[in-house]
Amino acid sequence: MVIRVYIASSSGSTAVRRIKKKQQDVLGFLEANKIGFEEKDIAANEENRKWMRENVPENSRPATGYPLPPQIFNESQYRGDYDAFFEARENNAVYAFLGLTAPPGSKEAEAQAKQQA
């Protein structure tokens with residue numbers, strides 16, 4: 001399974017800087033936890049942009065406009081946006097959010113073991 005994070009590489013406005021910060025937050029977490037992922041740039045690749053827009057579920061899209069990066073998928077299965085990722089991280093549930101098994105010894109694995117006991 002490959003985690004795919006759809007990002008935008010262009011920079012400029014304040015809104016874009018906020019997006020970049022969120023992207024860096026997600027990518028940094030994945031790197032720090034040695035979770036394999038692919039970056040899919042929607043600014044430099046029209047196919048990536050089209051695929052992301054078509055595959056974010058209707059109930060996860062903004063009322064107006066298009067979904068903004070970062071958008072996170074496990075293969076082609078939509079997992080969520082930055083807000084969903086942030087909530088999962090705060091709850092020590094990122095592996096479950098990503099559709100992955102938490103590694104033994106991780107806070108998430110320990111929390112799951114306590115829930116099952």
# chains A, B, ... in the order shown; residues from 1 in each chain; ligands from 1
$ residues_around --residues "Tyr66 (chain A)" --least-positions-apart "6" --cutoff "10 Å" --atoms "only C-alpha atoms" --output "list in words"
Met52, Arg53, Glu54 and Val56 of chain A
$ residues_around --residues "Leu68 (chain A)" --least-positions-apart "5" --cutoff "10 Å" --atoms "only C-alpha atoms" --output "ChimeraX atom specification"
/A:6-8,16,19,42,52-53,61-62,81-82
$ closest_atom_pairs --of "region 78-97 of chain A" --to "region 109-112 of chain A" --cutoff "12 Å" --atoms "only C-alpha atoms" --output "tab-separated table"
residue	atom	partner	partner_atom	distance
A:Asn91	CA	A:Ala111	CA	9.7
A:Asn92	CA	A:Ala111	CA	7.9
A:Ala93	CA	A:Ala111	CA	8.8
A:Val94	CA	A:Ala109	CA	10.6
A:Tyr95	CA	A:Ala109	CA	9.0
A:Ala96	CA	A:Ala109	CA	9.8
$ select_by_dssp --residues "region 9-62 of chain A" --states "helix (DSSP H, G or I)" --output "PyMOL selection string"
chain A and resi 14-32+46-55+58-60
$ write_last_selection --atoms "N, CA and C atoms" --output "short mmCIF file (atom, residue, chain, number, x, y, z; two decimals), in the first residue's frame"
data_model
loop_
_atom_site.label_atom_id
_atom_site.label_comp_id
_atom_site.auth_asym_id
_atom_site.auth_seq_id
_atom_site.Cartn_x
_atom_site.Cartn_y
_atom_site.Cartn_z
N THR A 14 -0.55 34.48 0.83
CA THR A 14 -0.68 34.02 2.20
C THR A 14 -1.42 32.70 2.27
N ALA A 15 -2.48 32.55 1.47
CA ALA A 15 -3.24 31.30 1.46
C ALA A 15 -2.35 30.14 1.03
N VAL A 16 -1.50 30.37 0.04
CA VAL A 16 -0.60 29.32 -0.42
C VAL A 16 0.41 28.98 0.66
N ARG A 17 0.88 29.96 1.41
CA ARG A 17 1.83 29.69 2.50
C ARG A 17 1.18 28.83 3.58
N ARG A 18 -0.11 29.06 3.87
CA ARG A 18 -0.81 28.22 4.85
C ARG A 18 -0.91 26.78 4.34
N ILE A 19 -1.19 26.64 3.05
CA ILE A 19 -1.26 25.31 2.44
C ILE A 19 0.10 24.63 2.54
N LYS A 20 1.16 25.35 2.23
CA LYS A 20 2.51 24.79 2.29
C LYS A 20 2.85 24.33 3.70
N LYS A 21 2.46 25.11 4.71
CA LYS A 21 2.71 24.73 6.10
C LYS A 21 2.00 23.42 6.43
N LYS A 22 0.76 23.29 6.01
CA LYS A 22 0.00 22.06 6.25
C LYS A 22 0.64 20.88 5.53
N GLN A 23 1.06 21.11 4.27
CA GLN A 23 1.72 20.04 3.51
C GLN A 23 2.99 19.60 4.22
N GLN A 24 3.80 20.55 4.67
CA GLN A 24 5.04 20.23 5.36
C GLN A 24 4.78 19.47 6.65
N ASP A 25 3.70 19.82 7.33
CA ASP A 25 3.32 19.15 8.56
C ASP A 25 3.04 17.66 8.29
N VAL A 26 2.24 17.39 7.27
CA VAL A 26 1.90 16.01 6.91
C VAL A 26 3.14 15.25 6.45
N LEU A 27 3.87 15.81 5.51
CA LEU A 27 5.04 15.12 4.95
C LEU A 27 6.11 14.91 6.01
N GLY A 28 6.31 15.90 6.87
CA GLY A 28 7.30 15.78 7.94
C GLY A 28 6.95 14.66 8.91
N PHE A 29 5.66 14.54 9.25
CA PHE A 29 5.22 13.47 10.14
C PHE A 29 5.47 12.11 9.49
N LEU A 30 5.09 11.98 8.22
CA LEU A 30 5.28 10.70 7.53
C LEU A 30 6.76 10.34 7.47
N GLU A 31 7.62 11.31 7.15
CA GLU A 31 9.06 11.05 7.09
C GLU A 31 9.61 10.67 8.46
N ALA A 32 9.25 11.42 9.50
CA ALA A 32 9.76 11.17 10.84
C ALA A 32 9.36 9.79 11.35
N GLU A 46 -1.09 18.33 -14.42
CA GLU A 46 -2.54 18.44 -14.61
C GLU A 46 -3.25 17.12 -14.34
N GLU A 47 -2.63 16.00 -14.68
CA GLU A 47 -3.24 14.69 -14.41
C GLU A 47 -3.43 14.47 -12.91
N ASN A 48 -2.41 14.85 -12.12
CA ASN A 48 -2.53 14.72 -10.66
C ASN A 48 -3.68 15.58 -10.14
N ARG A 49 -3.76 16.82 -10.63
CA ARG A 49 -4.82 17.74 -10.19
C ARG A 49 -6.19 17.16 -10.52
N LYS A 50 -6.34 16.68 -11.75
CA LYS A 50 -7.61 16.12 -12.19
C LYS A 50 -7.98 14.89 -11.35
N TRP A 51 -7.01 14.01 -11.13
CA TRP A 51 -7.29 12.78 -10.37
C TRP A 51 -7.71 13.12 -8.95
N MET A 52 -6.98 14.04 -8.30
CA MET A 52 -7.31 14.41 -6.93
C MET A 52 -8.72 14.98 -6.86
N ARG A 53 -9.03 15.91 -7.74
CA ARG A 53 -10.36 16.55 -7.71
C ARG A 53 -11.48 15.56 -7.94
N GLU A 54 -11.25 14.58 -8.80
CA GLU A 54 -12.28 13.59 -9.11
C GLU A 54 -12.44 12.55 -8.00
N ASN A 55 -11.40 12.35 -7.17
CA ASN A 55 -11.43 11.26 -6.21
C ASN A 55 -11.64 11.68 -4.76
N GLU A 58 -17.61 13.48 -2.58
CA GLU A 58 -18.51 14.64 -2.61
C GLU A 58 -18.70 15.24 -1.21
N ASN A 59 -18.88 14.39 -0.21
CA ASN A 59 -19.13 14.90 1.15
C ASN A 59 -17.89 15.50 1.81
N SER A 60 -16.73 15.38 1.18
CA SER A 60 -15.50 15.96 1.72
C SER A 60 -15.04 17.19 0.95
#
$ atom_distance --atom1 "CA of Met1 (chain A)" --atom2 "CA of Gly36 (chain A)"
8.9 Å
$ select_by_dssp --residues "chain A" --states "strand (DSSP E)" --output "PDB file with N, CA, C and O atoms, in the first residue's frame"
ATOM      1  N   ILE A   3       0.898   5.371   0.460  1.00  0.00           N
ATOM      2  CA  ILE A   3       0.215   6.593   0.861  1.00  0.00           C
ATOM      3  C   ILE A   3       0.563   7.648  -0.177  1.00  0.00           C
ATOM      4  O   ILE A   3       1.740   7.840  -0.517  1.00  0.00           O
ATOM      5  N   ARG A   4      -0.438   8.311  -0.689  1.00  0.00           N
ATOM      6  CA  ARG A   4      -0.230   9.378  -1.673  1.00  0.00           C
ATOM      7  C   ARG A   4      -0.737  10.684  -1.072  1.00  0.00           C
ATOM      8  O   ARG A   4      -1.878  10.757  -0.612  1.00  0.00           O
ATOM      9  N   VAL A   5       0.140  11.685  -1.077  1.00  0.00           N
ATOM     10  CA  VAL A   5      -0.214  12.989  -0.553  1.00  0.00           C
ATOM     11  C   VAL A   5      -0.198  13.966  -1.719  1.00  0.00           C
ATOM     12  O   VAL A   5       0.840  14.173  -2.354  1.00  0.00           O
ATOM     13  N   TYR A   6      -1.352  14.527  -2.016  1.00  0.00           N
ATOM     14  CA  TYR A   6      -1.479  15.487  -3.111  1.00  0.00           C
ATOM     15  C   TYR A   6      -1.167  16.869  -2.567  1.00  0.00           C
ATOM     16  O   TYR A   6      -1.793  17.335  -1.612  1.00  0.00           O
ATOM     17  N   ILE A   7      -0.129  17.482  -3.166  1.00  0.00           N
ATOM     18  CA  ILE A   7       0.384  18.767  -2.706  1.00  0.00           C
ATOM     19  C   ILE A   7       0.390  19.766  -3.857  1.00  0.00           C
ATOM     20  O   ILE A   7       0.178  19.396  -5.005  1.00  0.00           O
ATOM     21  N   PHE A  37       5.585   7.114   1.409  1.00  0.00           N
ATOM     22  CA  PHE A  37       4.558   7.902   0.730  1.00  0.00           C
ATOM     23  C   PHE A  37       5.094   8.429  -0.597  1.00  0.00           C
ATOM     24  O   PHE A  37       6.301   8.424  -0.838  1.00  0.00           O
ATOM     25  N   GLU A  38       4.174   8.850  -1.424  1.00  0.00           N
ATOM     26  CA  GLU A  38       4.495   9.518  -2.683  1.00  0.00           C
ATOM     27  C   GLU A  38       3.875  10.905  -2.645  1.00  0.00           C
ATOM     28  O   GLU A  38       2.726  11.052  -2.234  1.00  0.00           O
ATOM     29  N   GLU A  39       4.639  11.905  -3.083  1.00  0.00           N
ATOM     30  CA  GLU A  39       4.080  13.247  -3.265  1.00  0.00           C
ATOM     31  C   GLU A  39       3.534  13.331  -4.677  1.00  0.00           C
ATOM     32  O   GLU A  39       4.196  12.923  -5.621  1.00  0.00           O
ATOM     33  N   LYS A  40       2.334  13.854  -4.810  1.00  0.00           N
ATOM     34  CA  LYS A  40       1.728  14.064  -6.121  1.00  0.00           C
ATOM     35  C   LYS A  40       1.448  15.558  -6.248  1.00  0.00           C
ATOM     36  O   LYS A  40       0.570  16.086  -5.566  1.00  0.00           O
ATOM     37  N   ASP A  41       2.210  16.222  -7.089  1.00  0.00           N
ATOM     38  CA  ASP A  41       2.114  17.675  -7.220  1.00  0.00           C
ATOM     39  C   ASP A  41       0.989  18.050  -8.187  1.00  0.00           C
ATOM     40  O   ASP A  41       1.039  17.712  -9.364  1.00  0.00           O
ATOM     41  N   GLN A  71      -4.293  16.579   0.312  1.00  0.00           N
ATOM     42  CA  GLN A  71      -5.329  15.551   0.344  1.00  0.00           C
ATOM     43  C   GLN A  71      -4.593  14.216   0.402  1.00  0.00           C
ATOM     44  O   GLN A  71      -3.610  14.006  -0.313  1.00  0.00           O
ATOM     45  N   ILE A  72      -5.064  13.314   1.240  1.00  0.00           N
ATOM     46  CA  ILE A  72      -4.325  12.090   1.537  1.00  0.00           C
ATOM     47  C   ILE A  72      -5.130  10.863   1.106  1.00  0.00           C
ATOM     48  O   ILE A  72      -6.318  10.749   1.412  1.00  0.00           O
ATOM     49  N   PHE A  73      -4.445   9.964   0.402  1.00  0.00           N
ATOM     50  CA  PHE A  73      -5.037   8.722  -0.091  1.00  0.00           C
ATOM     51  C   PHE A  73      -4.141   7.551   0.291  1.00  0.00           C
ATOM     52  O   PHE A  73      -2.931   7.704   0.419  1.00  0.00           O
ATOM     53  N   ASN A  74      -4.739   6.384   0.458  1.00  0.00           N
ATOM     54  CA  ASN A  74      -4.000   5.135   0.554  1.00  0.00           C
ATOM     55  C   ASN A  74      -4.327   4.413  -0.736  1.00  0.00           C
ATOM     56  O   ASN A  74      -5.450   3.951  -0.920  1.00  0.00           O
ATOM     57  N   GLN A  77      -7.795   4.952  -2.269  1.00  0.00           N
ATOM     58  CA  GLN A  77      -8.821   5.148  -1.234  1.00  0.00           C
ATOM     59  C   GLN A  77      -8.570   6.464  -0.502  1.00  0.00           C
ATOM     60  O   GLN A  77      -7.515   6.671   0.092  1.00  0.00           O
ATOM     61  N   TYR A  78      -9.571   7.331  -0.538  1.00  0.00           N
ATOM     62  CA  TYR A  78      -9.460   8.632   0.121  1.00  0.00           C
ATOM     63  C   TYR A  78      -9.408   8.449   1.631  1.00  0.00           C
ATOM     64  O   TYR A  78     -10.218   7.741   2.212  1.00  0.00           O
ATOM     65  N   ARG A  79      -8.427   9.102   2.271  1.00  0.00           N
ATOM     66  CA  ARG A  79      -8.282   9.016   3.721  1.00  0.00           C
ATOM     67  C   ARG A  79      -8.658  10.323   4.409  1.00  0.00           C
ATOM     68  O   ARG A  79      -9.085  10.311   5.555  1.00  0.00           O
ATOM     69  N   GLY A  80      -8.466  11.476   3.739  1.00  0.00           N
ATOM     70  CA  GLY A  80      -8.869  12.734   4.337  1.00  0.00           C
ATOM     71  C   GLY A  80      -7.969  13.898   3.967  1.00  0.00           C
ATOM     72  O   GLY A  80      -7.010  13.754   3.215  1.00  0.00           O
ATOM     73  N   ASP A  81      -8.297  15.045   4.535  1.00  0.00           N
ATOM     74  CA  ASP A  81      -7.534  16.267   4.292  1.00  0.00           C
ATOM     75  C   ASP A  81      -6.664  16.567   5.512  1.00  0.00           C
ATOM     76  O   ASP A  81      -6.535  15.741   6.425  1.00  0.00           O
TER      77      ASP A  81
END
$ closest_residue --among "A:Glu75, A:Leu98, A:Phe85, A:Ser9" --to "Asn45 (chain A)" --atoms "only C-alpha atoms"
A:Ser9
$ atom_distance --atom1 "CA of Gly99 (chain A)" --atom2 "CA of Ala43 (chain A)"
26.4 Å
$ closest_residue --among "A:Ile35, A:Ala44, A:Ser76, A:Ala113" --to "Pro57 (chain A)" --atoms "only C-alpha atoms"
A:Ser76
$ atom_distance --atom1 "CA of Glu90 (chain A)" --atom2 "CA of Ser106 (chain A)"
14.1 Å
